[in-house]
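Containing TSV, C-alpha atoms and all ligand atoms: protein08.tsv.
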```tsv
chain	number	residue	atom	x	y	z
B	1	MET	CA	24.14	-3.88	-3.03
B	2	LYS	CA	24.08	-5.38	0.42
B	3	TYR	CA	25.50	-8.77	1.31
B	4	ILE	CA	22.81	-11.38	2.05
B	5	LYS	CA	23.71	-14.08	4.51
B	6	LYS	CA	21.51	-17.03	3.57
B	7	ARG	CA	19.70	-18.80	6.37
B	8	ASP	CA	18.62	-22.43	6.42
B	9	GLU	CA	16.14	-23.60	3.84
B	10	PRO	CA	12.58	-22.96	5.09
B	11	GLU	CA	10.59	-26.00	6.15
B	12	ASP	CA	7.96	-25.44	3.47
B	13	LEU	CA	10.50	-25.79	0.72
B	14	ALA	CA	12.26	-28.76	2.34
B	15	ASN	CA	8.93	-30.60	2.76
B	16	PHE	CA	7.93	-29.82	-0.79
B	17	LYS	CA	11.17	-31.25	-2.16
B	18	ALA	CA	10.87	-34.27	0.14
B	19	SER	CA	7.47	-35.08	-1.42
B	20	ALA	CA	9.21	-36.30	-4.58
B	21	ASN	CA	8.62	-39.91	-5.57
B	22	GLU	CA	9.50	-42.24	-8.43
B	23	ASP	CA	6.84	-40.83	-10.70
B	24	TRP	CA	6.98	-37.21	-9.73
B	25	LYS	CA	9.86	-34.78	-9.43
B	26	PRO	CA	8.80	-31.45	-7.92
B	27	THR	CA	9.54	-28.35	-9.99
B	28	TYR	CA	9.32	-24.67	-9.17
B	29	ASN	CA	6.09	-24.38	-11.17
B	30	ASP	CA	4.48	-27.00	-8.93
B	31	LEU	CA	4.81	-24.83	-5.82
B	32	ARG	CA	1.39	-23.83	-4.53
B	33	GLY	CA	0.39	-20.31	-3.63
B	34	THR	CA	0.81	-20.64	0.12
B	35	GLU	CA	4.16	-22.43	-0.16
B	36	LYS	CA	5.41	-19.78	-2.55
B	37	THR	CA	4.20	-16.95	-0.32
B	38	ASN	CA	5.93	-18.50	2.69
B	39	ILE	CA	9.20	-18.86	0.81
B	40	HIS	CA	8.87	-15.28	-0.45
B	41	GLN	CA	8.28	-14.13	3.12
B	42	ASN	CA	11.38	-15.99	4.32
B	43	LEU	CA	13.47	-14.29	1.66
B	44	LEU	CA	12.14	-10.85	2.62
B	45	GLN	CA	12.97	-11.46	6.29
B	46	GLU	CA	16.43	-12.74	5.39
B	47	GLN	CA	17.11	-9.54	3.43
B	48	GLY	CA	15.54	-7.12	5.89
B	49	TYR	CA	12.87	-6.15	3.34
B	50	ILE	CA	15.19	-4.50	0.81
B	51	CYS	CA	15.71	-5.54	-2.82
B	52	CYS	CA	18.62	-7.96	-3.28
B	53	TYR	CA	20.08	-5.78	-6.04
B	54	CYS	CA	19.07	-2.10	-5.75
B	55	GLY	CA	18.27	-1.92	-2.02
B	56	MET	CA	14.86	-0.24	-2.26
B	57	GLY	CA	12.28	-1.17	0.37
B	58	ILE	CA	10.12	-4.13	-0.68
B	59	ASP	CA	7.34	-6.36	0.60
B	60	THR	CA	5.37	-9.26	-0.88
B	61	GLY	CA	3.22	-6.90	-2.94
B	62	ASN	CA	6.00	-5.19	-4.89
B	63	SER	CA	8.64	-7.89	-5.24
B	64	HIS	CA	9.13	-11.38	-6.63
B	65	ILE	CA	11.13	-14.50	-5.96
B	66	GLU	CA	14.25	-14.09	-8.04
B	67	HIS	CA	16.46	-16.90	-9.29
B	68	LEU	CA	20.06	-15.66	-9.18
B	69	LYS	CA	20.97	-18.39	-11.66
B	70	PRO	CA	18.01	-18.24	-14.08
B	71	ARG	CA	15.71	-21.24	-14.29
B	72	SER	CA	15.97	-21.40	-18.09
B	73	VAL	CA	19.74	-21.93	-17.94
B	74	PHE	CA	20.11	-23.73	-14.59
B	75	PRO	CA	16.94	-25.85	-14.17
B	76	GLU	CA	18.76	-27.94	-11.55
B	77	GLU	CA	19.03	-24.82	-9.34
B	78	GLU	CA	15.38	-23.77	-9.50
B	79	LEU	CA	14.48	-25.17	-6.07
B	80	ASN	CA	17.84	-24.58	-4.42
B	81	TYR	CA	17.16	-22.12	-1.61
B	82	ASN	CA	20.66	-20.66	-1.99
B	83	ASN	CA	19.69	-19.61	-5.51
B	84	LEU	CA	16.55	-17.75	-4.39
B	85	LEU	CA	16.41	-14.03	-3.57
B	86	ALA	CA	13.73	-11.36	-3.28
B	87	SER	CA	13.95	-8.68	-5.97
B	88	CYS	CA	11.86	-5.55	-6.41
B	89	GLN	CA	9.10	-5.41	-9.06
B	90	ARG	CA	6.46	-8.06	-9.22
B	91	GLU	CA	6.25	-8.16	-12.99
B	92	ARG	CA	6.61	-5.97	-16.05
B	93	GLU	CA	4.26	-3.03	-15.80
B	94	LYS	CA	3.23	-0.56	-18.43
B	95	ASN	CA	5.08	2.77	-18.25
B	96	GLU	CA	7.37	1.47	-15.54
B	97	PRO	CA	11.07	1.05	-16.42
B	98	VAL	CA	12.41	-2.43	-15.67
B	99	HIS	CA	15.42	-2.99	-13.42
B	100	CYS	CA	16.90	-5.57	-11.06
B	101	GLY	CA	15.53	-9.12	-11.44
B	102	VAL	CA	12.95	-8.27	-14.10
B	103	LYS	CA	15.57	-6.59	-16.31
B	104	LYS	CA	18.22	-9.23	-15.59
B	105	ALA	CA	15.82	-11.95	-16.82
B	106	ASP	CA	17.88	-14.88	-18.15
B	107	TRP	CA	21.28	-13.24	-17.86
B	108	TYR	CA	23.90	-14.76	-15.63
B	109	ASP	CA	27.64	-14.70	-16.14
B	110	GLU	CA	29.60	-16.16	-13.28
B	111	ASN	CA	32.59	-13.90	-13.92
B	112	LEU	CA	30.71	-10.69	-14.56
B	113	ILE	CA	27.79	-10.67	-12.15
B	114	VAL	CA	28.25	-9.03	-8.77
B	115	SER	CA	26.20	-11.31	-6.54
B	116	PRO	CA	24.63	-10.16	-3.26
B	117	LEU	CA	25.66	-13.55	-1.88
B	118	GLU	CA	29.34	-12.50	-2.00
B	119	SER	CA	30.43	-10.81	1.20
B	120	ASP	CA	32.40	-8.10	-0.64
B	121	CYS	CA	29.60	-7.22	-3.09
B	122	SER	CA	29.24	-3.65	-1.79
B	123	ASP	CA	32.91	-2.93	-2.62
B	124	PHE	CA	32.12	-2.99	-6.34
B	125	PHE	CA	30.08	0.21	-6.34
B	126	LEU	CA	30.53	3.91	-5.53
B	127	TYR	CA	27.79	6.48	-5.07
B	128	THR	CA	27.47	10.21	-5.55
B	129	GLY	CA	25.56	12.64	-3.35
B	130	SER	CA	23.05	13.05	-6.17
B	131	GLY	CA	22.15	9.37	-6.05
B	132	GLU	CA	24.13	7.96	-8.96
B	133	ILE	CA	25.79	4.56	-8.73
B	134	LEU	CA	29.22	4.14	-10.33
B	135	PRO	CA	31.56	1.18	-10.80
B	136	THR	CA	34.56	0.99	-8.50
B	137	ASN	CA	37.92	2.04	-9.91
B	138	VAL	CA	39.57	-1.08	-8.52
B	139	LEU	CA	40.79	-2.86	-11.64
B	140	ASP	CA	39.92	-6.47	-10.85
B	141	LYS	CA	36.38	-5.49	-9.86
B	142	LYS	CA	35.57	-2.80	-12.39
B	143	GLU	CA	34.40	-4.92	-15.34
B	144	ALA	CA	31.96	-6.93	-13.23
B	145	ALA	CA	30.65	-3.71	-11.67
B	146	VAL	CA	30.13	-2.01	-15.07
B	147	THR	CA	28.39	-5.10	-16.47
B	148	THR	CA	26.17	-5.63	-13.43
B	149	ILE	CA	25.05	-1.99	-13.35
B	150	ASP	CA	24.13	-2.30	-17.02
B	151	LYS	CA	22.43	-5.72	-16.90
B	152	LEU	CA	20.36	-4.83	-13.83
B	153	GLY	CA	19.65	-1.23	-14.83
B	154	LEU	CA	20.97	0.01	-11.49
B	155	ASP	CA	21.77	3.46	-12.89
B	156	ILE	CA	18.40	4.29	-14.44
B	157	ASP	CA	16.89	7.70	-13.63
B	158	LYS	CA	14.19	6.19	-11.42
B	159	LEU	CA	16.68	4.47	-9.09
B	160	ASN	CA	19.04	7.47	-9.09
B	161	ALA	CA	16.15	9.69	-8.00
B	162	MET	CA	15.08	7.25	-5.26
B	163	ARG	CA	18.64	7.02	-3.94
B	164	ARG	CA	19.00	10.81	-4.08
B	165	GLN	CA	15.89	11.23	-1.99
B	166	ALA	CA	17.02	8.62	0.55
B	167	ILE	CA	20.47	10.26	0.83
B	168	ASN	CA	19.05	13.79	1.17
B	169	GLY	CA	16.66	12.68	3.87
B	170	ILE	CA	19.52	11.49	6.08
B	171	LEU	CA	22.10	14.17	5.23
B	172	GLU	CA	20.02	16.94	6.71
B	173	ALA	CA	20.09	15.08	10.02
B	174	VAL	CA	23.84	14.32	9.80
B	175	GLU	CA	25.02	17.89	9.37
B	176	ASN	CA	24.50	18.81	13.01
B	177	LEU	CA	25.94	15.65	14.53
B	178	GLU	CA	29.28	15.02	16.27
B	179	GLU	CA	31.53	12.37	14.76
B	180	SER	CA	30.66	9.85	17.50
B	181	GLU	CA	26.97	10.38	16.80
B	182	ILE	CA	27.55	9.91	13.09
B	183	LYS	CA	29.28	6.61	13.78
B	184	GLN	CA	26.30	5.53	15.86
B	185	LEU	CA	24.02	6.47	13.00
B	186	ILE	CA	26.08	4.34	10.60
B	187	ASP	CA	25.90	1.41	13.03
B	188	GLY	CA	22.13	1.84	13.14
B	189	LEU	CA	21.85	1.92	9.36
B	190	ASN	CA	23.55	-1.44	9.19
B	191	LYS	CA	21.29	-3.09	11.73
B	192	LEU	CA	17.74	-4.34	11.37
B	193	ASP	CA	15.14	-2.12	13.01
B	194	TYR	CA	12.51	-3.39	15.46
B	195	GLN	CA	10.39	-4.59	12.54
B	196	GLY	CA	13.30	-6.58	11.10
B	197	LYS	CA	13.84	-4.09	8.29
B	198	TYR	CA	16.87	-2.28	6.90
B	199	THR	CA	16.65	1.37	5.88
B	200	PRO	CA	16.05	1.40	2.11
B	201	PHE	CA	19.30	2.22	0.23
B	202	CYS	CA	21.30	1.90	3.48
B	203	VAL	CA	24.46	0.91	1.58
B	204	ALA	CA	24.41	4.06	-0.58
B	205	ILE	CA	23.55	6.27	2.41
B	206	THR	CA	26.33	4.75	4.53
B	207	TYR	CA	28.81	5.22	1.69
B	208	ILE	CA	27.98	8.92	1.37
B	209	ILE	CA	28.08	9.61	5.11
B	210	LYS	CA	31.45	7.88	5.46
B	211	LYS	CA	32.89	9.69	2.47
B	212	TYR	CA	31.71	13.21	3.24
B	213	PHE	CA	31.41	13.28	6.99
B	214	ILE	CA	34.07	11.05	8.44
B	215	GLY	CA	36.57	10.98	5.59
B	216	GLU	CA	36.51	7.26	4.91
B	217	LYS	CA	36.61	5.57	1.45
B	301	ZN	ZN	15.67	-3.64	-7.02
```

Could you render the structure from this file as structure tokens?
Ligand SMILES: [Zn+2]
Amino acid sequence: MKYIKKRDEPEDLANFKASANEDWKPTYNDLRGTEKTNIHQNLLQEQGYICCYCGMGIDTGNSHIEHLKPRSVFPEEELNYNNLLASCQREREKNEPVHCGVKKADWYDENLIVSPLESDCSDFFLYTGSGEILPTNVLDKKEAAVTTIDKLGLDIDKLNAMRRQAINGILEAVENLEESEIKQLIDGLNKLDYQGKYTPFCVAITYIIKKYFIGEK
């Protein structure tokens, strides 16, 4: 999970909320297609086109606007930009395992969710070279990590396999590099590329490179 630094509320959303009057209070369901697409696009840019929870590469076609605090439980938060994220999977699909926002659905527990809006969110998880995600062993973080992995399905076979592939792809390149070059590579993985995108699963890849190649963590 990669920390998301929220930007200012997009103009579309601000204007939409400002259109409220005595008789009409805007709700999320009232957002029109173009407004929704623009907000979705803003969220993707803010996150560098990776899923807010699992870190896979996403775009408008294979992701949705996710409410961190679910609308059913926190209706007052449904148009709060700081509660909106972009999560992978557009909707439930036949034969496709659910994970991330679609699996999380109406779950939210302030004490047990690891939120990508917390700057230390990546410290809650460990990764193995074969792509598995594990909870940290740090005691005050472990329960939230275990619960979040479970509630979001972050350890399902599909995501493990995707992470494994992403890790393998980079490791072959790392083996022949000097330590200074490896550090440069890590810097690059944590920066947006020229298209404004992060490398999918960059947090897991960085973790593995640091652990096995420069002895950190
Ligand atoms: Zn995801």

Report as a ChimeraX atom specification all protein, DNA and RNA residues lying within 12 Å of Asp30 in chain B, evaluated on only C-alpha atoms, omitting residues in the same chain fewer than 2 positions from it. /B:13,16-17,19-20,24-28,32-36,78-79

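Considering the residues B:Asp150, B:Glu175, B:Asp123, B:Glu66 and counting only C-alpha atoms, Val203 in chain B has its shortest atom-to-atom contact with B:Asp123.
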
List all protein, DNA and RNA residues that have an atom no more than 7 Å from any atom of ligand ZN 301 (chain B), counting all atoms listed in the file, and report them as a list in words. Cys51, Cys52, Tyr53, Cys54, Gly55, Met56, Ser87, Cys88, His99 and Cys100 of chain B

Excluding Leu185 in chain B and residues on its chain fewer than 4 positions from it, collect all residues at most 9 Å away from it, counting all atoms listed in the file, and give them as a PDB file with C-alpha atoms, in the coordinates of the input.
```pdb
ATOM      1  CA  VAL B 174      23.840  14.320   9.800  1.00  0.00           C
ATOM      2  CA  SER B 180      30.660   9.850  17.500  1.00  0.00           C
ATOM      3  CA  GLU B 181      26.970  10.380  16.800  1.00  0.00           C
ATOM      4  CA  LEU B 189      21.850   1.920   9.360  1.00  0.00           C
ATOM      5  CA  ASN B 190      23.550  -1.440   9.190  1.00  0.00           C
ATOM      6  CA  THR B 206      26.330   4.750   4.530  1.00  0.00           C
TER       7      THR B 206
END
```

Show me the residues close to (15.7, -1.1, 9.7) - anything with an atom within 12 Å, counting all atoms listed in the file - and format the list as a PDB file with C-alpha atoms, in the coordinates of the input.
```pdb
ATOM      1  CA  GLN B  45      12.970 -11.460   6.290  1.00  0.00           C
ATOM      2  CA  GLN B  47      17.110  -9.540   3.430  1.00  0.00           C
ATOM      3  CA  GLY B  48      15.540  -7.120   5.890  1.00  0.00           C
ATOM      4  CA  TYR B  49      12.870  -6.150   3.340  1.00  0.00           C
ATOM      5  CA  ILE B  50      15.190  -4.500   0.810  1.00  0.00           C
ATOM      6  CA  GLY B  57      12.280  -1.170   0.370  1.00  0.00           C
ATOM      7  CA  LEU B 185      24.020   6.470  13.000  1.00  0.00           C
ATOM      8  CA  ILE B 186      26.080   4.340  10.600  1.00  0.00           C
ATOM      9  CA  ASP B 187      25.900   1.410  13.030  1.00  0.00           C
ATOM     10  CA  GLY B 188      22.130   1.840  13.140  1.00  0.00           C
ATOM     11  CA  LEU B 189      21.850   1.920   9.360  1.00  0.00           C
ATOM     12  CA  ASN B 190      23.550  -1.440   9.190  1.00  0.00           C
ATOM     13  CA  LYS B 191      21.290  -3.090  11.730  1.00  0.00           C
ATOM     14  CA  LEU B 192      17.740  -4.340  11.370  1.00  0.00           C
ATOM     15  CA  ASP B 193      15.140  -2.120  13.010  1.00  0.00           C
ATOM     16  CA  TYR B 194      12.510  -3.390  15.460  1.00  0.00           C
ATOM     17  CA  GLN B 195      10.390  -4.590  12.540  1.00  0.00           C
ATOM     18  CA  GLY B 196      13.300  -6.580  11.100  1.00  0.00           C
ATOM     19  CA  LYS B 197      13.840  -4.090   8.290  1.00  0.00           C
ATOM     20  CA  TYR B 198      16.870  -2.280   6.900  1.00  0.00           C
ATOM     21  CA  THR B 199      16.650   1.370   5.880  1.00  0.00           C
ATOM     22  CA  PRO B 200      16.050   1.400   2.110  1.00  0.00           C
ATOM     23  CA  PHE B 201      19.300   2.220   0.230  1.00  0.00           C
ATOM     24  CA  CYS B 202      21.300   1.900   3.480  1.00  0.00           C
TER      25      CYS B 202
END
```

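With all atoms listed in the file as the atoms that count, the residue of B:Ala145, B:Ile113, B:Leu31, B:Ala14 with the shortest distance to Leu126 in chain B is B:Ala145.
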
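Here the question is which of B:Lys94, B:Lys210, B:His64, B:Lys103 gets nearest to Gly153 in chain B using only C-alpha atoms, and that residue is B:Lys103.
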
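At a cut-off of 10 Å from (28.7, -10.3, -8.0), the residue set is Met1, Tyr3, Tyr53, Asp109, Glu110, Asn111, Leu112, Ile113, Val114, Ser115, Pro116, Leu117, Glu118, Ser119, Asp120, Cys121, Ser122, Phe124, Lys141, Ala144, Ala145, Thr147 and Thr148 of chain B (counting all atoms listed in the file).
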
Residue subset to file, keeping C-alpha atoms, as a compact mmCIF listing (two decimals), keeping the file's coordinate frame:
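File written: part.txt
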```txt
# COMPACT_ATOMS: atom_id res chain seq x y z
CA MET B 1 24.14 -3.88 -3.03
CA TYR B 3 25.50 -8.77 1.31
CA TYR B 53 20.08 -5.78 -6.04
CA ASP B 109 27.64 -14.70 -16.14
CA GLU B 110 29.60 -16.16 -13.28
CA ASN B 111 32.59 -13.90 -13.92
CA LEU B 112 30.71 -10.69 -14.56
CA ILE B 113 27.79 -10.67 -12.15
CA VAL B 114 28.25 -9.03 -8.77
CA SER B 115 26.20 -11.31 -6.54
CA PRO B 116 24.63 -10.16 -3.26
CA LEU B 117 25.66 -13.55 -1.88
CA GLU B 118 29.34 -12.50 -2.00
CA SER B 119 30.43 -10.81 1.20
CA ASP B 120 32.40 -8.10 -0.64
CA CYS B 121 29.60 -7.22 -3.09
CA SER B 122 29.24 -3.65 -1.79
CA PHE B 124 32.12 -2.99 -6.34
CA LYS B 141 36.38 -5.49 -9.86
CA ALA B 144 31.96 -6.93 -13.23
CA ALA B 145 30.65 -3.71 -11.67
CA THR B 147 28.39 -5.10 -16.47
CA THR B 148 26.17 -5.63 -13.43
```
